[in-house]
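Asker: Coordinates in data.tsv, TSV, C-alpha atoms and all ligand atoms, are listed below.
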```tsv
chain	number	residue	atom	x	y	z
A	1	MET	CA	0.00	0.00	0.00
A	2	SER	CA	1.38	3.46	-0.84
A	3	ASP	CA	1.92	5.84	2.07
A	4	ALA	CA	-0.78	8.18	0.80
A	5	LYS	CA	-3.39	5.39	0.72
A	6	MET	CA	-2.78	4.24	4.28
A	7	THR	CA	-5.60	5.14	6.62
A	8	GLU	CA	-4.56	6.09	10.11
A	9	THR	CA	-5.34	2.68	11.57
A	10	SER	CA	-3.60	0.77	8.80
A	11	VAL	CA	-0.30	2.50	9.63
A	12	PRO	CA	1.75	-0.21	11.37
A	13	VAL	CA	2.73	0.44	14.97
A	14	VAL	CA	5.36	-1.37	17.03
A	15	THR	CA	4.71	-0.83	20.74
A	16	ILE	CA	7.48	-1.26	23.28
A	17	ASP	CA	6.35	-1.11	26.91
A	18	GLY	CA	8.31	-1.75	30.04
A	19	PRO	CA	9.59	-0.33	33.32
A	20	ALA	CA	12.03	2.57	33.77
A	21	GLY	CA	15.55	1.60	32.73
A	22	SER	CA	14.58	-1.46	30.68
A	23	GLY	CA	16.32	0.17	27.70
A	24	LYS	CA	13.10	0.73	25.79
A	25	GLY	CA	13.93	4.35	24.88
A	26	THR	CA	17.25	3.60	23.23
A	27	ILE	CA	15.93	0.43	21.64
A	28	ALA	CA	12.80	2.09	20.27
A	29	VAL	CA	14.80	4.95	18.71
A	30	LYS	CA	17.26	2.56	17.05
A	31	LEU	CA	14.45	0.32	15.83
A	32	ALA	CA	12.57	3.34	14.38
A	33	GLN	CA	15.73	4.41	12.55
A	34	GLN	CA	16.30	0.89	11.23
A	35	LEU	CA	12.71	0.51	10.00
A	36	GLY	CA	12.45	4.11	8.75
A	37	TYR	CA	9.47	4.67	11.08
A	38	HIS	CA	8.48	7.65	13.22
A	39	TYR	CA	9.24	7.51	16.95
A	40	LEU	CA	7.09	8.39	19.94
A	41	GLY	CA	8.58	8.51	23.44
A	42	SER	CA	5.37	8.76	25.43
A	43	GLY	CA	7.24	9.21	28.73
A	44	SER	CA	8.60	12.49	27.34
A	45	LEU	CA	5.04	13.78	26.94
A	46	TYR	CA	4.42	13.17	30.66
A	47	ARG	CA	7.81	14.72	31.41
A	48	ILE	CA	7.00	17.81	29.32
A	49	LEU	CA	3.87	18.35	31.41
A	50	ALA	CA	5.93	17.83	34.57
A	51	TYR	CA	8.57	20.28	33.37
A	52	TYR	CA	6.00	22.97	32.62
A	53	ARG	CA	4.39	22.44	35.96
A	54	LEU	CA	7.67	22.61	37.89
A	55	GLN	CA	8.75	25.69	35.92
A	56	HIS	CA	5.55	27.67	35.76
A	57	MET	CA	3.03	26.53	38.36
A	58	PRO	CA	4.72	24.59	41.18
A	59	ASP	CA	2.34	25.83	43.88
A	60	THR	CA	-1.04	25.37	42.25
A	61	ASP	CA	-3.11	22.31	41.51
A	62	ASP	CA	-4.81	23.86	38.46
A	63	LEU	CA	-4.32	20.88	36.19
A	64	GLN	CA	-6.80	22.16	33.66
A	65	ALA	CA	-4.71	25.28	32.99
A	66	LEU	CA	-1.60	23.13	32.63
A	67	LEU	CA	-3.30	20.76	30.20
A	68	GLU	CA	-4.71	23.61	28.13
A	69	ARG	CA	-1.29	25.20	27.91
A	70	CYS	CA	0.31	21.93	26.85
A	71	GLU	CA	-2.32	21.01	24.27
A	72	THR	CA	-1.01	23.65	21.90
A	73	LEU	CA	2.67	22.73	22.22
A	74	ARG	CA	4.36	21.43	19.07
A	75	ILE	CA	6.35	18.40	20.10
A	76	VAL	CA	8.92	16.84	17.78
A	77	PHE	CA	11.16	13.82	18.40
A	78	ARG	CA	14.36	13.96	16.39
A	79	PRO	CA	16.53	10.80	16.56
A	80	GLN	CA	20.25	11.65	16.61
A	81	GLY	CA	23.29	9.62	15.56
A	82	ASP	CA	23.41	5.84	16.00
A	83	GLU	CA	23.45	5.49	19.81
A	84	GLY	CA	19.67	5.64	20.24
A	85	ASP	CA	19.67	9.30	21.31
A	86	VAL	CA	16.75	11.56	20.59
A	87	GLN	CA	16.32	15.29	20.74
A	88	VAL	CA	12.98	16.46	22.09
A	89	LEU	CA	11.86	19.78	20.69
A	90	VAL	CA	8.98	21.73	22.20
A	91	ASP	CA	7.95	24.70	20.10
A	92	GLU	CA	11.40	24.45	18.49
A	93	ALA	CA	13.27	24.62	21.83
A	94	ASP	CA	15.49	21.65	22.75
A	95	VAL	CA	14.29	20.46	26.19
A	96	SER	CA	15.97	17.03	26.08
A	97	ASP	CA	18.34	17.61	29.03
A	98	ALA	CA	15.74	19.36	31.19
A	99	LEU	CA	13.35	16.42	30.81
A	100	ARG	CA	15.88	13.84	31.98
A	101	THR	CA	16.22	15.01	35.60
A	102	GLU	CA	14.99	12.80	38.46
A	103	ASP	CA	12.73	15.65	39.62
A	104	CYS	CA	11.02	15.72	36.27
A	105	GLY	CA	10.66	11.91	36.23
A	106	GLY	CA	9.15	11.86	39.72
A	107	GLU	CA	6.69	14.65	38.90
A	108	ALA	CA	5.80	12.90	35.63
A	109	SER	CA	4.91	9.73	37.55
A	110	ARG	CA	2.72	11.68	39.96
A	111	LEU	CA	0.90	13.43	37.09
A	112	ALA	CA	0.54	10.15	35.22
A	113	VAL	CA	-1.89	8.78	37.85
A	114	ARG	CA	-4.42	11.55	37.07
A	115	PRO	CA	-7.16	10.43	34.64
A	116	GLU	CA	-7.54	13.90	33.09
A	117	VAL	CA	-3.82	13.93	32.28
A	118	ARG	CA	-3.94	10.51	30.61
A	119	GLU	CA	-6.98	11.47	28.62
A	120	ALA	CA	-5.42	14.73	27.41
A	121	LEU	CA	-2.28	12.92	26.30
A	122	LEU	CA	-4.14	10.10	24.54
A	123	LYS	CA	-5.08	12.33	21.57
A	124	LYS	CA	-1.57	13.72	21.36
A	125	GLN	CA	-0.11	10.21	21.26
A	126	LEU	CA	-2.49	9.00	18.54
A	127	SER	CA	-1.45	11.95	16.35
A	128	PHE	CA	2.04	10.43	16.01
A	129	ARG	CA	0.63	7.50	14.02
A	130	LYS	CA	1.73	8.44	10.52
A	131	ALA	CA	2.94	6.53	7.46
A	132	PRO	CA	5.12	4.65	6.91
A	133	GLY	CA	4.91	3.47	10.55
A	134	LEU	CA	5.50	4.26	14.21
A	135	VAL	CA	7.57	2.82	17.03
A	136	ALA	CA	5.87	3.93	20.27
A	137	GLU	CA	7.42	3.30	23.66
A	138	GLY	CA	6.09	3.74	27.17
A	139	ARG	CA	3.97	1.92	29.73
A	140	ASP	CA	0.56	1.51	28.08
A	141	MET	CA	1.29	1.71	24.36
A	142	GLY	CA	0.16	-1.87	23.69
A	143	THR	CA	-2.63	-2.01	26.27
A	144	VAL	CA	-4.39	1.37	25.94
A	145	VAL	CA	-3.03	3.76	23.31
A	146	PHE	CA	-2.48	1.41	20.35
A	147	PRO	CA	-4.36	-1.78	21.31
A	148	ASP	CA	-4.62	-2.73	17.61
A	149	ALA	CA	-0.85	-2.52	17.03
A	150	PRO	CA	0.33	-5.55	15.07
A	151	HIS	CA	3.61	-5.82	17.00
A	152	LYS	CA	3.76	-5.53	20.77
A	153	ILE	CA	6.86	-5.96	22.89
A	154	TYR	CA	7.11	-5.98	26.68
A	155	LEU	CA	10.71	-5.27	27.61
A	156	THR	CA	12.04	-6.06	31.08
A	157	ALA	CA	15.36	-6.26	32.95
A	158	SER	CA	16.14	-6.86	36.63
A	159	ALA	CA	15.84	-3.80	38.91
A	160	GLU	CA	19.57	-4.10	39.80
A	161	GLU	CA	20.60	-4.08	36.15
A	162	ARG	CA	18.33	-1.11	35.45
A	163	ALA	CA	19.81	0.88	38.37
A	164	GLN	CA	23.34	0.16	37.08
A	165	ARG	CA	22.40	1.33	33.58
A	166	ARG	CA	20.94	4.52	35.00
A	167	GLN	CA	24.11	5.13	37.04
A	168	LYS	CA	26.27	4.75	33.91
A	169	GLN	CA	24.00	7.10	31.97
A	170	LEU	CA	24.23	9.74	34.72
A	171	ARG	CA	28.02	9.33	34.91
A	172	LYS	CA	28.24	10.14	31.21
A	173	GLN	CA	26.45	13.40	32.01
A	174	GLY	CA	28.95	14.08	34.82
A	175	ILE	CA	26.41	13.33	37.59
A	176	SER	CA	27.27	10.92	40.39
A	177	ALA	CA	24.50	9.06	42.18
A	178	SER	CA	24.63	6.14	44.61
A	179	LEU	CA	23.47	2.77	43.32
A	180	ASP	CA	21.34	2.22	46.43
A	181	ARG	CA	19.48	5.48	45.88
A	182	LEU	CA	18.91	4.75	42.17
A	183	LEU	CA	17.71	1.23	42.96
A	184	ALA	CA	15.27	2.60	45.55
A	185	GLU	CA	13.99	5.21	43.06
A	186	ILE	CA	13.52	2.63	40.32
A	187	LYS	CA	11.60	0.31	42.66
A	188	ALA	CA	9.42	3.18	43.88
A	189	ARG	CA	8.66	4.21	40.27
A	190	ASP	CA	7.84	0.58	39.35
A	191	THR	CA	5.42	0.32	42.25
A	192	LEU	CA	3.69	3.58	41.34
A	193	ASP	CA	3.44	2.63	37.65
A	194	LYS	CA	2.23	-0.95	38.28
A	195	GLN	CA	-0.26	-0.22	41.03
A	196	ARG	CA	-2.08	2.80	39.68
A	197	PRO	CA	-5.69	2.02	38.85
A	198	ILE	CA	-5.67	3.57	35.34
A	199	SER	CA	-3.32	2.31	32.64
A	200	PRO	CA	-1.03	0.43	35.00
A	201	LEU	CA	2.23	-0.88	33.60
A	202	ARG	CA	1.55	-4.45	32.47
A	203	PRO	CA	2.15	-6.51	29.36
A	204	ALA	CA	-0.65	-6.63	26.77
A	205	ALA	CA	-2.10	-10.14	26.49
A	206	ASP	CA	-0.65	-10.42	22.98
A	207	ALA	CA	2.77	-8.89	23.75
A	208	VAL	CA	6.04	-10.75	23.21
A	209	ARG	CA	8.18	-10.54	26.37
A	210	VAL	CA	11.87	-9.76	25.95
A	211	ASP	CA	14.21	-9.78	28.97
A	212	SER	CA	17.18	-7.49	28.27
A	213	THR	CA	19.15	-8.20	31.48
A	214	GLU	CA	21.73	-10.35	29.69
A	215	LEU	CA	21.38	-8.86	26.20
A	216	SER	CA	23.12	-5.93	24.51
A	217	ILE	CA	21.10	-3.16	22.90
A	218	VAL	CA	22.13	-4.38	19.46
A	219	GLN	CA	20.89	-7.90	20.29
A	220	VAL	CA	17.53	-6.64	21.52
A	221	VAL	CA	17.01	-4.40	18.48
A	222	ALA	CA	17.90	-7.29	16.16
A	223	ARG	CA	15.47	-9.60	17.96
A	224	ILE	CA	12.57	-7.13	17.74
A	225	ALA	CA	13.36	-6.18	14.11
A	226	ALA	CA	13.29	-9.89	13.21
A	227	LEU	CA	9.86	-10.29	14.87
A	228	VAL	CA	8.49	-7.30	12.93
A	229	GLN	CA	9.98	-8.37	9.62
A	230	GLN	CA	8.86	-12.01	9.98
A	231	ALA	CA	5.22	-11.00	10.37
B	301	LIG	O1	9.54	6.58	30.43
B	301	LIG	P1	9.80	7.73	31.35
B	301	LIG	O2	10.61	7.38	32.56
B	301	LIG	O3	10.34	8.93	30.64
B	301	LIG	O4	8.34	8.16	31.87
B	301	LIG	C1	8.18	9.07	32.93
B	301	LIG	C2	6.93	8.68	33.72
B	301	LIG	O5	5.77	8.91	32.92
B	301	LIG	C3	6.86	7.21	34.10
B	301	LIG	O6	7.45	6.93	35.33
B	301	LIG	C4	5.38	6.93	34.14
B	301	LIG	O7	4.85	7.21	35.40
B	301	LIG	C5	4.80	7.91	33.17
B	301	LIG	N1	4.41	7.26	31.93
B	301	LIG	C6	3.15	6.71	31.85
B	301	LIG	N2	2.72	6.14	30.70
B	301	LIG	C7	3.49	6.12	29.61
B	301	LIG	C8	4.81	6.65	29.66
B	301	LIG	C9	5.24	7.21	30.85
B	301	LIG	O8	2.43	6.70	32.83
B	301	LIG	N3	3.03	5.59	28.50
```
Could you express the structure from this file as structure tokens?
Ligand code: C5P
Answerer:
Amino acid sequence: MSDAKMTETSVPVVTIDGPAGSGKGTIAVKLAQQLGYHYLGSGSLYRILAYYRLQHMPDTDDLQALLERCETLRIVFRPQGDEGDVQVLVDEADVSDALRTEDCGGEASRLAVRPEVREALLKKQLSFRKAPGLVAEGRDMGTVVFPDAPHKIYLTASAEERAQRRQKQLRKQGISASLDRLLAEIKARDTLDKQRPISPLRPAADAVRVDSTELSIVQVVARIAALVQQA
């Protein structure tokens, strides 16, 4: 089918869900580059809301105003190089570094339990489904946002391995953090994401589970690309 003839729901989507630090961000970006698909990092959408809240309205609980402000933002994901990096542009400004902080991640998790936030972001996420295809990563891509996706992956890794990966990533940015603290933060985030009543983190019934604890990024990308191309 030519790109122009594809209706929105016939555009293929690969969903990659999993807990913080499972490697899904890097893997999804590399897979999107390999397949020539668009990329959606749904966690960044929650982080953008968190960032705006922390910057502009830390003392109020006026979620409606925050959501209205964010509805009009133009968000672009621009994959960079071949290491699975992505630049996040909001109204042309590069906010990639600002979104990565632990404060932003924590606030994003707290906002993510609010039904009005999830509903507002649902439309935004669906708008990324464009020909020739989309790789969407997050927590509920396969279960809630793109339940009809033909390819669903649930990516995991042990909490210890995920904390070590996070520590390495922070070191590269010149930030030192204790492994114990990172492990505790990852476990707390897992609990919050898995136990919330709406859109909890869980594998879709038809998802293929991939455990990345003992695998390199290249191996995981190759395994998922093979699943997509076999189908
Ligand atoms: O993936 P990332 O760590 O950037 O996501 C930040 C937070 O946003 C997560 O801890 C989670 O609470 C929330 N989130 C979500 N649903 C998604 C993606 C992220 O609830 N699809």
Asker: Find the distance between CA of Ala157 (chain A) and CA of Asp82 (chain A) and write it in Å to one decimal.
Answerer: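 About the pair CA of Ala157 (chain A) and CA of Asp82 (chain A): they are 22.3 Å apart.
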Asker: Produce a table with one row for each residue of chain A that has an atom at most 9 Å from any atom of ligand LIG 301 (chain B), each row naming the nearest atom pair and its distance in Å at one decimal; use all atoms listed in the file; arrange rows by chain and rising residue number; format as a tab-separated table.
Answerer:
```
residue	atom	partner	partner_atom	distance
A:Asp17	CA	B:LIG301	N3	7.6
A:Gly18	CA	B:LIG301	O1	8.4
A:Pro19	CA	B:LIG301	O1	7.5
A:Ala20	CA	B:LIG301	O2	5.2
A:Gly21	CA	B:LIG301	O2	7.6
A:Lys24	CA	B:LIG301	O1	8.3
A:Gly25	CA	B:LIG301	O1	7.4
A:Gly41	CA	B:LIG301	O1	7.3
A:Ser42	CA	B:LIG301	C8	4.8
A:Gly43	CA	B:LIG301	O4	3.5
A:Ser44	CA	B:LIG301	O3	5.2
A:Leu45	CA	B:LIG301	C8	7.6
A:Tyr46	CA	B:LIG301	O5	5.0
A:Arg47	CA	B:LIG301	C1	5.9
A:Leu99	CA	B:LIG301	O3	8.1
A:Arg100	CA	B:LIG301	O3	7.5
A:Cys104	CA	B:LIG301	C1	8.0
A:Gly105	CA	B:LIG301	C1	5.0
A:Gly106	CA	B:LIG301	O6	6.8
A:Glu107	CA	B:LIG301	C2	7.9
A:Ala108	CA	B:LIG301	C2	4.8
A:Ser109	CA	B:LIG301	O7	3.3
A:Arg110	CA	B:LIG301	O7	6.7
A:Leu111	CA	B:LIG301	O7	7.6
A:Ala112	CA	B:LIG301	O8	4.6
A:Val113	CA	B:LIG301	O8	6.9
A:Arg118	CA	B:LIG301	O8	7.7
A:Ala136	CA	B:LIG301	N3	8.9
A:Glu137	CA	B:LIG301	N3	6.9
A:Gly138	CA	B:LIG301	N3	3.8
A:Arg139	CA	B:LIG301	N3	4.0
A:Asp140	CA	B:LIG301	N3	4.8
A:Met141	CA	B:LIG301	N3	5.9
A:Val144	CA	B:LIG301	N3	8.9
A:Val145	CA	B:LIG301	N3	8.2
A:Ile186	CA	B:LIG301	O6	9.0
A:Arg189	CA	B:LIG301	O6	5.8
A:Asp190	CA	B:LIG301	O6	7.5
A:Leu192	CA	B:LIG301	O7	7.1
A:Asp193	CA	B:LIG301	O7	5.3
A:Ser199	CA	B:LIG301	O8	7.2
A:Pro200	CA	B:LIG301	O8	7.5
A:Leu201	CA	B:LIG301	N2	7.6
```
Asker: Under the rule that only C-alpha atoms are counted, which of A:Ile75, A:Ala231, A:Leu89, A:Ile153 is the nearest residue to Asp206 (chain A)?
Answerer: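 Once distances to Asp206 (chain A) are computed over only C-alpha atoms, the minimum belongs to A:Ile153.
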Asker: Using all atoms listed in the file, determine which residues lie at most 10 Å from region 209-212 of chain A, disregarding the query and same-chain residues fewer than 5 positions distant; provide the list as a list in words.
Answerer: Ile16, Asp17, Gly18, Ser22, Gly23, Lys24, Lys152, Ile153, Tyr154, Leu155, Thr156, Ala157, Ser158, Glu161, Arg162, Pro203, Ala204, Ile217, Gln219, Val220, Arg223 and Ile224 of chain A
Asker: Box for region 149-164 of chain A: with edges along x, y and z, all listed atoms inside and 5 Å added on each side, what are the centre and edge lengths in Å to one decimal, as JSON?
Answerer:
```
{"center_x": 11.2, "center_y": -3.0, "center_z": 27.4, "size_x": 34.2, "size_y": 17.7, "size_z": 34.7}
```
Asker: Looking at all atoms listed in the file, which of A:Asp61, A:Asp180, A:Glu102, A:Glu214 is the one that sits closest to Arg114 (chain A)?
Answerer: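 Using all atoms listed in the file, Arg114 (chain A) sits closest to A:Asp61.
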Asker: Just give me the gap between CA of Val221 (chain A) and CA of Leu31 (chain A) in Å, one decimal is fine.
Answerer: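 Separating CA of Val221 (chain A) from CA of Leu31 (chain A) is a distance of 6.0 Å.
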Asker: Missing atoms in region 32-59 of chain A: fill them in up to N, CA and C atoms and send the result as a short mmCIF file (atom, residue, chain, number, x, y, z; two decimals), in the coordinates of the input.
Answerer:
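What landed in part_25.cif:
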```
data_model
loop_
_atom_site.label_atom_id
_atom_site.label_comp_id
_atom_site.auth_asym_id
_atom_site.auth_seq_id
_atom_site.Cartn_x
_atom_site.Cartn_y
_atom_site.Cartn_z
N ALA A 32 13.26 2.40 15.28
CA ALA A 32 12.57 3.34 14.38
C ALA A 32 13.51 3.75 13.25
N GLN A 33 14.77 4.01 13.60
CA GLN A 33 15.73 4.41 12.55
C GLN A 33 15.93 3.28 11.55
N GLN A 34 16.05 2.05 12.11
CA GLN A 34 16.30 0.89 11.23
C GLN A 34 15.12 0.63 10.29
N LEU A 35 13.90 0.79 10.82
CA LEU A 35 12.71 0.51 10.00
C LEU A 35 12.29 1.72 9.15
N GLY A 36 12.87 2.89 9.44
CA GLY A 36 12.45 4.11 8.75
C GLY A 36 11.09 4.61 9.24
N TYR A 37 10.76 4.28 10.49
CA TYR A 37 9.47 4.67 11.08
C TYR A 37 9.62 5.94 11.93
N HIS A 38 8.49 6.55 12.26
CA HIS A 38 8.48 7.65 13.22
C HIS A 38 8.69 7.07 14.63
N TYR A 39 9.00 7.94 15.57
CA TYR A 39 9.24 7.51 16.95
C TYR A 39 8.40 8.35 17.90
N LEU A 40 7.80 7.68 18.88
CA LEU A 40 7.09 8.39 19.94
C LEU A 40 7.61 7.90 21.30
N GLY A 41 8.18 8.82 22.06
CA GLY A 41 8.58 8.51 23.44
C GLY A 41 7.51 9.06 24.35
N SER A 42 6.53 8.21 24.71
CA SER A 42 5.37 8.76 25.43
C SER A 42 5.76 9.30 26.81
N GLY A 43 6.80 8.71 27.42
CA GLY A 43 7.24 9.21 28.73
C GLY A 43 7.63 10.68 28.65
N SER A 44 8.19 11.08 27.50
CA SER A 44 8.60 12.49 27.34
C SER A 44 7.39 13.41 27.37
N LEU A 45 6.24 12.92 26.90
CA LEU A 45 5.04 13.78 26.94
C LEU A 45 4.66 14.05 28.40
N TYR A 46 4.72 12.98 29.23
CA TYR A 46 4.42 13.17 30.66
C TYR A 46 5.48 14.07 31.30
N ARG A 47 6.73 13.88 30.87
CA ARG A 47 7.81 14.72 31.41
C ARG A 47 7.67 16.19 30.99
N ILE A 48 7.19 16.42 29.78
CA ILE A 48 7.00 17.81 29.32
C ILE A 48 5.95 18.51 30.21
N LEU A 49 4.88 17.78 30.50
CA LEU A 49 3.87 18.35 31.41
C LEU A 49 4.49 18.65 32.77
N ALA A 50 5.29 17.68 33.25
CA ALA A 50 5.93 17.83 34.57
C ALA A 50 6.86 19.04 34.56
N TYR A 51 7.61 19.18 33.50
CA TYR A 51 8.57 20.28 33.37
C TYR A 51 7.84 21.63 33.42
N TYR A 52 6.76 21.71 32.64
CA TYR A 52 6.00 22.97 32.62
C TYR A 52 5.41 23.27 33.99
N ARG A 53 4.97 22.21 34.64
CA ARG A 53 4.39 22.44 35.96
C ARG A 53 5.47 22.93 36.95
N LEU A 54 6.61 22.23 36.96
CA LEU A 54 7.67 22.61 37.89
C LEU A 54 8.18 24.03 37.61
N GLN A 55 8.23 24.38 36.31
CA GLN A 55 8.75 25.69 35.92
C GLN A 55 7.75 26.81 36.19
N HIS A 56 6.49 26.55 35.82
CA HIS A 56 5.55 27.67 35.76
C HIS A 56 4.46 27.68 36.83
N MET A 57 4.13 26.52 37.40
CA MET A 57 3.03 26.53 38.36
C MET A 57 3.25 25.52 39.49
N PRO A 58 4.41 25.61 40.17
CA PRO A 58 4.72 24.59 41.18
C PRO A 58 3.77 24.59 42.38
N ASP A 59 3.14 25.74 42.66
CA ASP A 59 2.34 25.83 43.88
C ASP A 59 0.84 25.66 43.67
#
```
